[in-house]
Amino acid sequence: MAGLAEERYVVEAFLSRFPFLKEIREYVASLNLRLEDFAAADDLVKTAVTKVEDALSKGPRAITSPDLSSEVEILSHPLAMALVAMLDSSLAKRRFATYEAERYASMIKNIREGQIQVIQYVLSKVLGMKIRTDNPPHEFWIHFSDYLKVSVNLNEPRFKLVNRTVDGGYVGVSRPEAITFIKNGLERLFYERLEAMGRLEPPDFLKPHVERLQKILESLNTSSKISYARLGPEMWPPCMNAIRTRLLAGEPVSHFANFTLAAFMLKIGISVDEVVEAYSKRGDFDPRIARYQVEHIAGLKGSRTKYSVPRCSTMQAHGLCVEEGRLCGGVRTPMQFYRRRAKVGGGSGGDEGGRAESHGS
Ligand code: SF4
């Protein structure tokens, strides 16, 4: 019994650092804090401003998991949310939601004791999912209706319901997958809370910080004005235009979709710089990593293999084909679609894709 009590203590101690939990939110509410009360709390303001700045300018890959005390962790989160609400920008909301969700997911990933209980708690009590944990070999079983919601942006075939073990309406899920779902669920939760907060007016002591954050945001916006060479996006294959639209709206896009769009844009003659800029609205955008990945796809880095645009059959398997190709006149590759349009429109596109070609060295 002592073991059980100890385990509960470990879980409770860990959860006390999660400011989005109902109990912690109630605790914060009971303090009756107003924004003005933070004016003298320099450390809290600094931590909250740094969080928002990192979320905007660096994205989640900048997360270093500083070991904040429970109090700083708990109080800096709502203050950072308030700062984002003062920026009144959906891009800022998306980037911050992604950053915080990734940060908490990485904290959960690093728990040594009581990890299963914490995952269980967050999935059921925070994200409101119906789960079971009583059916090995899967550690978690998520009700299929909740599973569909959290896996909607995961285009990898293994996440498709037809490829999963389903038992009595519950989908078997591994521990790393459960943490991925927590990240996606928290991202949506934070974004919805920010939307619900509306626009906040900054009090005087926060104005200089908000102005500085606004400048960072503006620099992101101006750097993402993409001028498309050759055919405009409205003439692109529907699948590519759909991915691009979601990217520009700052919506989550799977790794495969990102890769596909980058390969397509490079193939039709858009420069590496412009392709990198196209990704700048991703919540987790990191210019250095994005450039490396785009250069890799272009065959300028690593194995010097220049990747081609996937075929329609592959796009369909990843759930990225639009209306099952009804708009595309029976093409076999998105590049074939583009070349047909380019002929009509007078431009020219690359070759038909579907495989990697050696770039030489
Ligand atoms: S048929 Fe091919 S080109 Fe058309 S939307 Fe589907 S994947 Fe894209």
# chains A, B, ... in the order shown; residues from 1 in each chain; ligands from 1
>>> closest_atom_pairs(of="chain A", to="ligand 1", cutoff="12 Å", atoms="only C-alpha atoms and all ligand atoms", output="Markdown table")
| residue | atom | partner | partner_atom_place_in_ligand_line | distance |
| --- | --- | --- | --- | --- |
| A:Met235 | CA | ligand 1 | 3 (S) | 11.2 |
| A:Trp236 | CA | ligand 1 | 3 (S) | 8.5 |
| A:Pro237 | CA | ligand 1 | 3 (S) | 4.8 |
| A:Pro238 | CA | ligand 1 | 5 (S) | 4.7 |
| A:Cys239 | CA | ligand 1 | 5 (S) | 4.2 |
| A:Met240 | CA | ligand 1 | 8 (Fe) | 6.6 |
| A:Asn241 | CA | ligand 1 | 5 (S) | 9.0 |
| A:Ala242 | CA | ligand 1 | 5 (S) | 8.9 |
| A:Ile243 | CA | ligand 1 | 8 (Fe) | 10.3 |
| A:Ala257 | CA | ligand 1 | 7 (S) | 11.3 |
| A:Thr260 | CA | ligand 1 | 7 (S) | 10.5 |
| A:Leu261 | CA | ligand 1 | 8 (Fe) | 10.9 |
| A:Phe264 | CA | ligand 1 | 8 (Fe) | 11.0 |
| A:Val309 | CA | ligand 1 | 7 (S) | 10.1 |
| A:Pro310 | CA | ligand 1 | 7 (S) | 8.4 |
| A:Arg311 | CA | ligand 1 | 7 (S) | 6.9 |
| A:Cys312 | CA | ligand 1 | 7 (S) | 3.9 |
| A:Ser313 | CA | ligand 1 | 7 (S) | 6.9 |
| A:Thr314 | CA | ligand 1 | 7 (S) | 7.7 |
| A:Met315 | CA | ligand 1 | 7 (S) | 5.0 |
| A:Gln316 | CA | ligand 1 | 7 (S) | 6.1 |
| A:Ala317 | CA | ligand 1 | 7 (S) | 9.5 |
| A:His318 | CA | ligand 1 | 7 (S) | 9.7 |
| A:Gly319 | CA | ligand 1 | 7 (S) | 9.0 |
| A:Leu320 | CA | ligand 1 | 7 (S) | 6.6 |
| A:Cys321 | CA | ligand 1 | 6 (Fe) | 3.7 |
| A:Val322 | CA | ligand 1 | 5 (S) | 4.4 |
| A:Glu323 | CA | ligand 1 | 5 (S) | 6.9 |
| A:Glu324 | CA | ligand 1 | 6 (Fe) | 5.8 |
| A:Gly325 | CA | ligand 1 | 1 (S) | 3.5 |
| A:Arg326 | CA | ligand 1 | 1 (S) | 6.9 |
| A:Leu327 | CA | ligand 1 | 4 (Fe) | 6.4 |
| A:Cys328 | CA | ligand 1 | 4 (Fe) | 4.7 |
| A:Gly329 | CA | ligand 1 | 1 (S) | 7.8 |
| A:Gly330 | CA | ligand 1 | 1 (S) | 6.8 |
| A:Val331 | CA | ligand 1 | 1 (S) | 6.0 |
| A:Arg332 | CA | ligand 1 | 2 (Fe) | 6.1 |
| A:Thr333 | CA | ligand 1 | 2 (Fe) | 5.3 |
| A:Pro334 | CA | ligand 1 | 3 (S) | 3.7 |
| A:Met335 | CA | ligand 1 | 3 (S) | 7.3 |
| A:Gln336 | CA | ligand 1 | 3 (S) | 7.6 |
| A:Phe337 | CA | ligand 1 | 3 (S) | 5.8 |
| A:Tyr338 | CA | ligand 1 | 3 (S) | 8.1 |
| A:Arg339 | CA | ligand 1 | 3 (S) | 10.9 |
| A:Arg340 | CA | ligand 1 | 3 (S) | 11.1 |
| A:Arg341 | CA | ligand 1 | 3 (S) | 11.4 |
| A:Glu352 | CA | ligand 1 | 3 (S) | 11.2 |
| A:Gly353 | CA | ligand 1 | 2 (Fe) | 11.2 |
| A:Gly354 | CA | ligand 1 | 2 (Fe) | 11.3 |
>>> residues_around(residues="Ala85 (chain A)", least_positions_apart="3", cutoff="7 Å", atoms="only C-alpha atoms", output="list of chain:residue names")
A:Met81, A:Ala82, A:Asp88, A:Leu194, A:Met197, A:Gly198, A:Arg199, A:Leu200
>>> write_last_selection(atoms="C-alpha atoms", output="PDB file, in the first residue's frame")
ATOM      1  CA  MET A  81      -1.676  33.264 -22.873  1.00  0.00           C
ATOM      2  CA  ALA A  82      -2.775  36.826 -22.016  1.00  0.00           C
ATOM      3  CA  ASP A  88      -4.627  39.468 -31.556  1.00  0.00           C
ATOM      4  CA  LEU A 194      -6.911  31.683 -26.929  1.00  0.00           C
ATOM      5  CA  MET A 197     -10.124  34.973 -24.759  1.00  0.00           C
ATOM      6  CA  GLY A 198     -10.608  37.406 -27.660  1.00  0.00           C
ATOM      7  CA  ARG A 199      -8.417  40.498 -27.836  1.00  0.00           C
ATOM      8  CA  LEU A 200      -6.983  41.870 -24.577  1.00  0.00           C
TER       9      LEU A 200
END
>>> residues_around(residues="Arg132 (chain A)", least_positions_apart="2", cutoff="7 Å", atoms="only C-alpha atoms", output="tab-separated table (two decimals) with N, CA and C atoms, in the first residue's frame")
chain	number	residue	atom	x	y	z
A	134	ASP	N	-7.06	-1.71	-19.86
A	134	ASP	CA	-7.17	-3.04	-19.25
A	134	ASP	C	-6.99	-4.18	-20.25
A	140	PHE	N	-2.88	1.52	-24.05
A	140	PHE	CA	-4.05	2.40	-24.01
A	140	PHE	C	-5.02	1.99	-25.11
A	141	TRP	N	-6.28	2.19	-24.82
A	141	TRP	CA	-7.33	1.99	-25.80
A	141	TRP	C	-8.17	3.26	-25.80
A	142	ILE	N	-8.28	3.89	-26.96
A	142	ILE	CA	-9.03	5.16	-27.05
A	142	ILE	C	-10.31	4.90	-27.84
>>> select_by_dssp(residues="region 130-349 of chain A", states="alpha helix (DSSP H)", output="ChimeraX atom specification")
/A:144-150,175-197,207-222,238-248,255-267,272-278,287-297,312-317,334-345
>>> select_by_dssp(residues="region 171-361 of chain A", states="strand (DSSP E)", output="short mmCIF file (atom, residue, chain, number, x, y, z; two decimals) with N, CA and C atoms, in the first residue's frame")
data_model
loop_
_atom_site.label_atom_id
_atom_site.label_comp_id
_atom_site.auth_asym_id
_atom_site.auth_seq_id
_atom_site.Cartn_x
_atom_site.Cartn_y
_atom_site.Cartn_z
N VAL A 171 -9.72 1.79 -29.84
CA VAL A 171 -8.57 1.60 -30.73
C VAL A 171 -7.31 1.44 -29.89
N GLY A 172 -6.55 0.38 -30.16
CA GLY A 172 -5.31 0.14 -29.42
C GLY A 172 -4.24 1.14 -29.79
N VAL A 173 -3.55 1.68 -28.75
CA VAL A 173 -2.59 2.76 -28.96
C VAL A 173 -1.35 2.52 -28.09
N THR A 305 20.36 13.30 -53.30
CA THR A 305 19.24 12.74 -54.05
C THR A 305 18.15 13.79 -54.15
N LYS A 306 17.74 14.06 -55.38
CA LYS A 306 16.69 15.05 -55.57
C LYS A 306 15.35 14.32 -55.61
N TYR A 307 14.48 14.64 -54.68
CA TYR A 307 13.25 13.87 -54.55
C TYR A 307 12.18 14.37 -55.51
N ALA A 356 12.78 9.00 -56.64
CA ALA A 356 13.91 9.88 -56.38
C ALA A 356 14.91 9.73 -57.53
N GLU A 357 15.54 10.82 -57.91
CA GLU A 357 16.52 10.72 -58.98
C GLU A 357 17.85 11.22 -58.46
N SER A 358 18.91 10.61 -58.93
CA SER A 358 20.23 10.98 -58.42
C SER A 358 20.62 12.35 -58.94
#
>>> atom_distance(atom1="CA of Val276 (chain A)", atom2="CA of Gln214 (chain A)")
21.8 Å
>>> residues_around(residues="Ile108 (chain A)", least_positions_apart="2", cutoff="8 Å", atoms="only C-alpha atoms", output="CSV table (one decimal) with C-alpha atoms, in the first residue's frame")
chain,number,residue,atom,x,y,z
A,104,TYR,CA,4.1,19.7,-22.1
A,105,ALA,CA,4.3,16.6,-24.3
A,106,SER,CA,8.1,16.6,-23.9
A,110,ASN,CA,10.6,12.5,-19.8
A,111,ILE,CA,8.6,11.3,-16.8
A,115,GLN,CA,4.1,8.0,-16.7
A,118,VAL,CA,-0.1,10.8,-16.0
A,119,ILE,CA,-0.9,10.0,-19.7
A,179,ILE,CA,1.9,11.2,-26.2
>>> atom_distance(atom1="CA of His296 (chain A)", atom2="CA of Ser254 (chain A)")
17.7 Å
